[in-house]
Amino acid sequence: MLRNGNGEHRAEDFTRLQLIDDEQQFSDKLSEYMQNKWRLANAGFDYDVVAVFGSQSTGKSTLLNRLFGTRFDVMSEAQRQQTTRGIWADRGTGGMPVLIMDVEGTDGRERGEQQDFERKSALFSLAVAEVVIVNMWENMVGLYNGANMGLLKTVMEVNLQLFGGGEPKKTLLYFVIRDHVSAAPLESLAATLAKDLARIWASLSKPPGTESAAMDAYFDLRFASLPHKLLQPADFEREAMGLRRQFTDAGSSDYVFKAGYKRRVPADGFPHYASSVWEKVVSNKDLDLPTQQELLAQFRCDEIAAVALEPFREALAPLRLRVQDGRVVEELGGVAQAARSQALEAFVAQAARYHSGVYGKKRAGLVATLDSELHAVFLNQVKNASAQAAEAFSRDAARAIDEDNGAEFVAIVEAVRRGVMARFDRAVDGLVFDGAPWSFAPERRQLDGALDAVAAELREREVDRIVERVKRHAKDAMGDAVAEHLAAGEEDMWRLVMDAFDAEAAAADERLARQLAAAGVVGGEQRVAVERRVHAALWEDVLVGLLRDEVSDAMVLLKLRAAVEDRFRYDAQGLPRVWTPSDDIDAQFAVARESARALLPRLSRVNAESSARLRLARTFFPAGYEYERSLVLIAPARQRDLAKRFAREADALYLEAKRSTVTTHGRVPAWVLVLLVVLGWNEAVAILFNPLYLVLVCMVGGAAFVVHMLGMWGPLLRAAGGFSGVASDHVHRLLVEAVNRTEPARPRKTSGGKRVQKKESDDTEAEHADDDPRRTSITKRVVKKESNDIEMEPLGNDLSRNSSRSSSPRNQL
């Protein structure tokens with residue numbers, strides 16, 4: 001391969017190829033050129049594709065040659081005629097891995113009104129190229145045909161139809177404005193073009209799934225301008241080289257080829273990919289584009305429709321926000337109908353003069369757009385009204401039922417429902433008008449179903465309240481009777497309890513029938529189910545609940561103790577017994593205890609055989625309800641525990657009776673009292689006739705009486721005992737000190753006698769006792785005891801000796 005001195009490929013090393021000729025035939029040499037001429041077949045994904053299109057004779061080929069070093073044919077300056085026919089391709093020089101396509105110019109006189117090829121070639125360029133350079137003169141900016149806006153619109157629309165179903169493939173539209181000699185800055189020209197493109201995109205007829213797609217999801221825009229090539233040749237070359245760097249310098253911030261523009265087609269597969277794209281473009285019927293008149297009609301109808309939609313949307317916007325907030329807007333129907341009519345009238349007045357076929361389609365599209373937007377808002381309004389109706393029905397009906405206490409349930413529910421449905425109909429009627437393709441009958445049926453569900457819920461809640469009222473009344477009525485019968489503990493107590501239950505069950509059925517009729521439950525399976533539910537509640541919650549309260553541990557022990565006391569402490573006439581030593585307490589206690597014990601098994605299980613209602617338990621209770629399990633009130637293990645506890649309490653009664661006989665038997669005999677009076681007569685006379693003795697005896701007796709009445713003998717005796725102990729210790733200590741002062745100290749034994757050892761041991765114990773309070777107290781007691789043992793003998797001897805010397809004052813002391 002030939003290279004120049006800088007190691008770059010020479011221009012002649014690269015050969016251009018007519019990729020698509022003017023007969024729309026795709027070249028079969030592309031694969032060969034990619035492999036042998038352009039050396040791009042092994043580039044993988046490291047290559048880029050650039051295409052240029054614009055009006056004929058605007059210098060497209062000249063621009064490409066300046067930017068990429070290609071050698072496309074350029075127009076002779078001596079005559080203006082078509083130079084590029086079809087689509088030509090070449091590779092950029094200078095090692096650039098870029099494939100450049102020079103597309104035939106548009107609006108050429110050679111093709112006249114046969115504009116099919118230029119539109120297909122533009123669509124092909126958008127499909128395969130990453131960057132599409134749109135070349136135009138400055139004086140074309142702001143024009144529709146001169147700036148190829150009609151062509152761009154058609155190509156974009158068809159491009160969405162062909163390639164918009166999958167992930168969007170972005171393309172850079174690079175607008176190069178040639179011969180920029182006016183005072184208008186590039187930013188102003190770019191803004192004009194961007195605005196035109198945005199308007200075109202908004203007016204496109206987008207396929208399903210891409211209605212909300214934005215233009216920047218498919219296209220990026222960039223703008224540049226070049227000076228006049230003939231009037232400012234030096235400036236033109238300088239600006240062209242600066243523009244070239246955007247395509248060659250990958251490190252530049254203005255680098256054109258971004259990763260997001262890649263088509264992700266390997267270079268060796270590009271020929272097949274490009275051929276299949278062209279085949280798709282050529283064979284697609286949608287690309288049989290309409291004539292210029294049809295294009296003009298499409299463009300103008302889209303513009304008129306967009307203008308007509310603006311006031312419609314402005315009128316609908318504030319109402320839409322209020323509806324989205326969950327409110328019901330009463331004026332929505334009138335405002336929406338007026339805005340819709342005005343939009344259609346404005347469109348018809350402006351667009352009816354254009355192509356009839358295009359006008360009909362565009363009008364139908366506008367009507368569909370208007371109705372679609374209205375229906376979305378209307379449907380939201382209907383949902384809000386339905387939700388408010390259901391909420392109001394539930395709230396108002398519940399409040400009215402609570403205020404009426406359920407007496408007129410059916411009438412209340414029906415009245416509230418009629419009012420709610422009337423408000424819903426007023427909110428919905430204005431949303432249906434002549435020609436509207438919708439009806440809100442399904443939503444009304446759905447609301448009816450929702451209200452039925454709310455009414456059923458209210459009825460179920462009312463039934464629950466009825467059941468609770470019946471239970472509460474039955475519990476109040478049966479509570480005293482059950483307690484009375486079980487307290488008596490007679491043999492027929494269960495018969496009496498069951499009779500009370502049957503009577504209250506019959507009365508509860510009558511009350512239940514009246515209240516269910518008021519709640520709208522008049523018959524059928526629901527009525528039977530509620531009755532059986534109430535029967536189960538009367539049995540389980542009322543009767544069995546009361547019985548379980550009566551057979552709690554405390555209540556059972558109380559009943560058993562009462563039964564023992566009735567038999568043991570009272571006689572047959574109900575008078576209290578006063579036990580004497582001659583009474584047979586053991587036999588009486590045994591009879592009373594056995595009688596009370598017999599009551600425990602009777603209380604442990606309900607005997608429901610006498611109940612007429614429970615004989616037909618299968619129809620009295622709900623299906624599958626097993627009432628037999630609730631007959632056991634006290635389990636066997638609990639019975640044994642209660643029997644033991646009762647035995648201990650009964651034994652206490654027995655011991656109390658025994659103590660009363662001992663107290664009665666232990667009285668003082670009368671002869672002892674007579675003897676006390678005879679022997680104490682002189683002392684009594686002395687006290688009575690001596691004022692001092694009499695006052696002293698009265699004071700002592702009064703104090704003793706007060707202490708006795710207050711029950712203070714125990715504390716008083718304990719205080720006296722403590723005081724005497726303290727006084728005794730104090731006197732003993734004084735005596736020991738006195739003896740130690742009168743007797744001289746005895747000589748200590750040096751032969752290891754017991755007293756020296758004892759003294760030393762005492763000292764050691766005292767020293768160690770200082771560190772431990774418990775040891776101190778023990779040591780004090782030991783020392784005190786040992787000192788008493790040591791000093792008791794001299795104290796006795798001294799006292800005996802001192803008794804013979806009574807003349808000495810110290811000895812007398």
# chains A, B, ... in the order shown; residues from 1 in each chain; ligands from 1
call {"tool": "residues_around", "arguments": {"residues": "Leu197 in chain A", "least_positions_apart": "3", "cutoff": "10 Å", "atoms": "only C-alpha atoms", "output": "ChimeraX atom specification"}}
result
/A:149,152-153,191-194,200-203,215,221
call {"tool": "write_last_selection", "arguments": {"atoms": "C-alpha atoms", "output": "PDB file, in the first residue's frame"}}
result
ATOM      1  CA  MET A 149     -38.718  20.673   6.386  1.00  0.00           C
ATOM      2  CA  LEU A 152     -37.639  15.917   7.175  1.00  0.00           C
ATOM      3  CA  LYS A 153     -41.159  15.573   8.506  1.00  0.00           C
ATOM      4  CA  ALA A 191     -33.128  28.534  17.447  1.00  0.00           C
ATOM      5  CA  THR A 192     -35.304  29.040  14.367  1.00  0.00           C
ATOM      6  CA  LEU A 193     -34.395  25.638  12.967  1.00  0.00           C
ATOM      7  CA  ALA A 194     -34.846  23.890  16.338  1.00  0.00           C
ATOM      8  CA  ILE A 200     -42.678  19.124  12.947  1.00  0.00           C
ATOM      9  CA  TRP A 201     -42.102  16.422  15.529  1.00  0.00           C
ATOM     10  CA  ALA A 202     -45.170  17.404  17.515  1.00  0.00           C
ATOM     11  CA  SER A 203     -47.309  17.161  14.389  1.00  0.00           C
ATOM     12  CA  MET A 215     -37.710  13.980  19.504  1.00  0.00           C
ATOM     13  CA  LEU A 221     -29.334  18.573  16.897  1.00  0.00           C
TER      14      LEU A 221
END
call {"tool": "residues_around", "arguments": {"residues": "Gln324 in chain A", "least_positions_apart": "6", "cutoff": "12 Å", "atoms": "only C-alpha atoms", "output": "list in words"}}
result
Ala317, Pro318, Ala376, Val377, Phe378, Leu379, Asn380, Gln381, Val382, Lys383 and Asn384 of chain A
call {"tool": "closest_atom_pairs", "arguments": {"of": "range 343-374 of chain A", "to": "range 427-448 of chain A", "cutoff": "12 Å", "atoms": "only C-alpha atoms", "output": "CSV"}}
result
residue,atom,partner,partner_atom,distance
A:Val367,CA,A:Ala436,CA,10.2
A:Ala368,CA,A:Pro437,CA,9.7
A:Leu370,CA,A:Ala436,CA,10.6
A:Asp371,CA,A:Ala436,CA,7.6
A:Ser372,CA,A:Pro437,CA,9.8
A:Leu374,CA,A:Leu431,CA,9.0
call {"tool": "residues_around", "arguments": {"residues": "range 479-490 of chain A", "least_positions_apart": "3", "cutoff": "7 Å", "atoms": "only C-alpha atoms", "output": "mmCIF file with all heavy atoms, in the first residue's frame"}}
result
data_model
loop_
_atom_site.group_PDB
_atom_site.id
_atom_site.type_symbol
_atom_site.label_atom_id
_atom_site.label_comp_id
_atom_site.auth_asym_id
_atom_site.auth_seq_id
_atom_site.Cartn_x
_atom_site.Cartn_y
_atom_site.Cartn_z
ATOM 1 N N LYS A 475 -78.257 -12.126 79.423
ATOM 2 C CA LYS A 475 -77.332 -12.231 80.548
ATOM 3 C C LYS A 475 -77.863 -11.499 81.776
ATOM 4 O O LYS A 475 -77.755 -11.989 82.913
ATOM 5 C CB LYS A 475 -75.974 -11.669 80.143
ATOM 6 C CG LYS A 475 -74.868 -11.965 81.131
ATOM 7 C CD LYS A 475 -73.524 -11.587 80.566
ATOM 8 C CE LYS A 475 -72.394 -11.991 81.498
ATOM 9 N NZ LYS A 475 -71.065 -11.667 80.935
ATOM 10 N N ASP A 476 -78.452 -10.324 81.554
ATOM 11 C CA ASP A 476 -79.035 -9.596 82.680
ATOM 12 C C ASP A 476 -80.206 -10.361 83.282
ATOM 13 O O ASP A 476 -80.406 -10.351 84.509
ATOM 14 C CB ASP A 476 -79.496 -8.210 82.225
ATOM 15 C CG ASP A 476 -78.330 -7.334 81.806
ATOM 16 O OD1 ASP A 476 -77.195 -7.630 82.215
ATOM 17 O OD2 ASP A 476 -78.546 -6.353 81.045
ATOM 18 N N MET A 493 -81.188 -28.403 91.075
ATOM 19 C CA MET A 493 -80.730 -27.078 90.646
ATOM 20 C C MET A 493 -80.535 -27.012 89.132
ATOM 21 O O MET A 493 -80.799 -25.967 88.506
ATOM 22 C CB MET A 493 -79.426 -26.705 91.352
ATOM 23 C CG MET A 493 -78.229 -27.522 90.962
ATOM 24 S SD MET A 493 -76.722 -26.889 91.719
ATOM 25 C CE MET A 493 -75.479 -27.951 90.962
ATOM 26 N N LEU A 496 -83.806 -26.401 87.389
ATOM 27 C CA LEU A 496 -84.223 -25.014 87.498
ATOM 28 C C LEU A 496 -83.413 -24.109 86.562
ATOM 29 O O LEU A 496 -83.958 -23.200 85.937
ATOM 30 C CB LEU A 496 -84.057 -24.544 88.954
ATOM 31 C CG LEU A 496 -84.907 -25.291 89.984
ATOM 32 C CD1 LEU A 496 -84.561 -24.809 91.394
ATOM 33 C CD2 LEU A 496 -86.397 -25.093 89.713
ATOM 34 N N VAL A 497 -82.118 -24.399 86.460
ATOM 35 C CA VAL A 497 -81.281 -23.606 85.567
ATOM 36 C C VAL A 497 -81.710 -23.791 84.113
ATOM 37 O O VAL A 497 -81.809 -22.831 83.327
ATOM 38 C CB VAL A 497 -79.795 -23.957 85.758
ATOM 39 C CG1 VAL A 497 -78.938 -23.313 84.683
ATOM 40 C CG2 VAL A 497 -79.314 -23.504 87.135
ATOM 41 N N LEU A 546 -71.896 -17.582 82.579
ATOM 42 C CA LEU A 546 -72.343 -17.356 83.961
ATOM 43 C C LEU A 546 -71.984 -18.527 84.858
ATOM 44 O O LEU A 546 -71.564 -18.340 86.015
ATOM 45 C CB LEU A 546 -73.861 -17.128 83.974
ATOM 46 C CG LEU A 546 -74.360 -15.822 83.322
ATOM 47 C CD1 LEU A 546 -75.883 -15.829 83.246
ATOM 48 C CD2 LEU A 546 -73.869 -14.626 84.117
ATOM 49 N N GLU A 550 -69.594 -18.782 88.226
ATOM 50 C CA GLU A 550 -70.065 -19.308 89.499
ATOM 51 C C GLU A 550 -69.228 -20.470 90.014
ATOM 52 O O GLU A 550 -69.289 -20.775 91.208
ATOM 53 C CB GLU A 550 -71.534 -19.758 89.369
ATOM 54 C CG GLU A 550 -72.515 -18.614 89.163
ATOM 55 C CD GLU A 550 -72.602 -17.728 90.398
ATOM 56 O OE1 GLU A 550 -72.449 -18.254 91.513
ATOM 57 O OE2 GLU A 550 -72.808 -16.514 90.238
ATOM 58 N N LYS A 559 -69.037 -21.867 98.239
ATOM 59 C CA LYS A 559 -70.265 -22.660 98.287
ATOM 60 C C LYS A 559 -70.086 -23.887 99.169
ATOM 61 O O LYS A 559 -70.975 -24.247 99.959
ATOM 62 C CB LYS A 559 -70.667 -23.075 96.867
ATOM 63 C CG LYS A 559 -71.211 -21.933 96.009
ATOM 64 C CD LYS A 559 -71.562 -22.436 94.618
ATOM 65 C CE LYS A 559 -72.249 -21.345 93.807
ATOM 66 N NZ LYS A 559 -71.431 -20.148 93.644
ATOM 67 N N LEU A 599 -71.711 -31.928 96.791
ATOM 68 C CA LEU A 599 -72.044 -30.784 95.941
ATOM 69 C C LEU A 599 -70.999 -30.549 94.851
ATOM 70 O O LEU A 599 -71.325 -30.045 93.766
ATOM 71 C CB LEU A 599 -72.171 -29.526 96.814
ATOM 72 C CG LEU A 599 -72.556 -28.236 96.106
ATOM 73 C CD1 LEU A 599 -73.906 -28.363 95.422
ATOM 74 C CD2 LEU A 599 -72.567 -27.075 97.087
#
call {"tool": "select_by_dssp", "arguments": {"residues": "range 141-353 of chain A", "states": "alpha helix (DSSP H)", "output": "PyMOL selection string"}}
result
chain A and resi 149-163+186-202+233-248+270-283+292-324+332-351
call {"tool": "closest_residue", "arguments": {"among": "A:Ser604, A:Asn135, A:Thr154, A:Ser188", "to": "Phe175 in chain A", "atoms": "only C-alpha atoms"}}
result
A:Asn135
call {"tool": "closest_residue", "arguments": {"among": "A:Ala349, A:Val470, A:Leu204, A:Ala612", "to": "Arg514 in chain A", "atoms": "only C-alpha atoms"}}
result
A:Val470
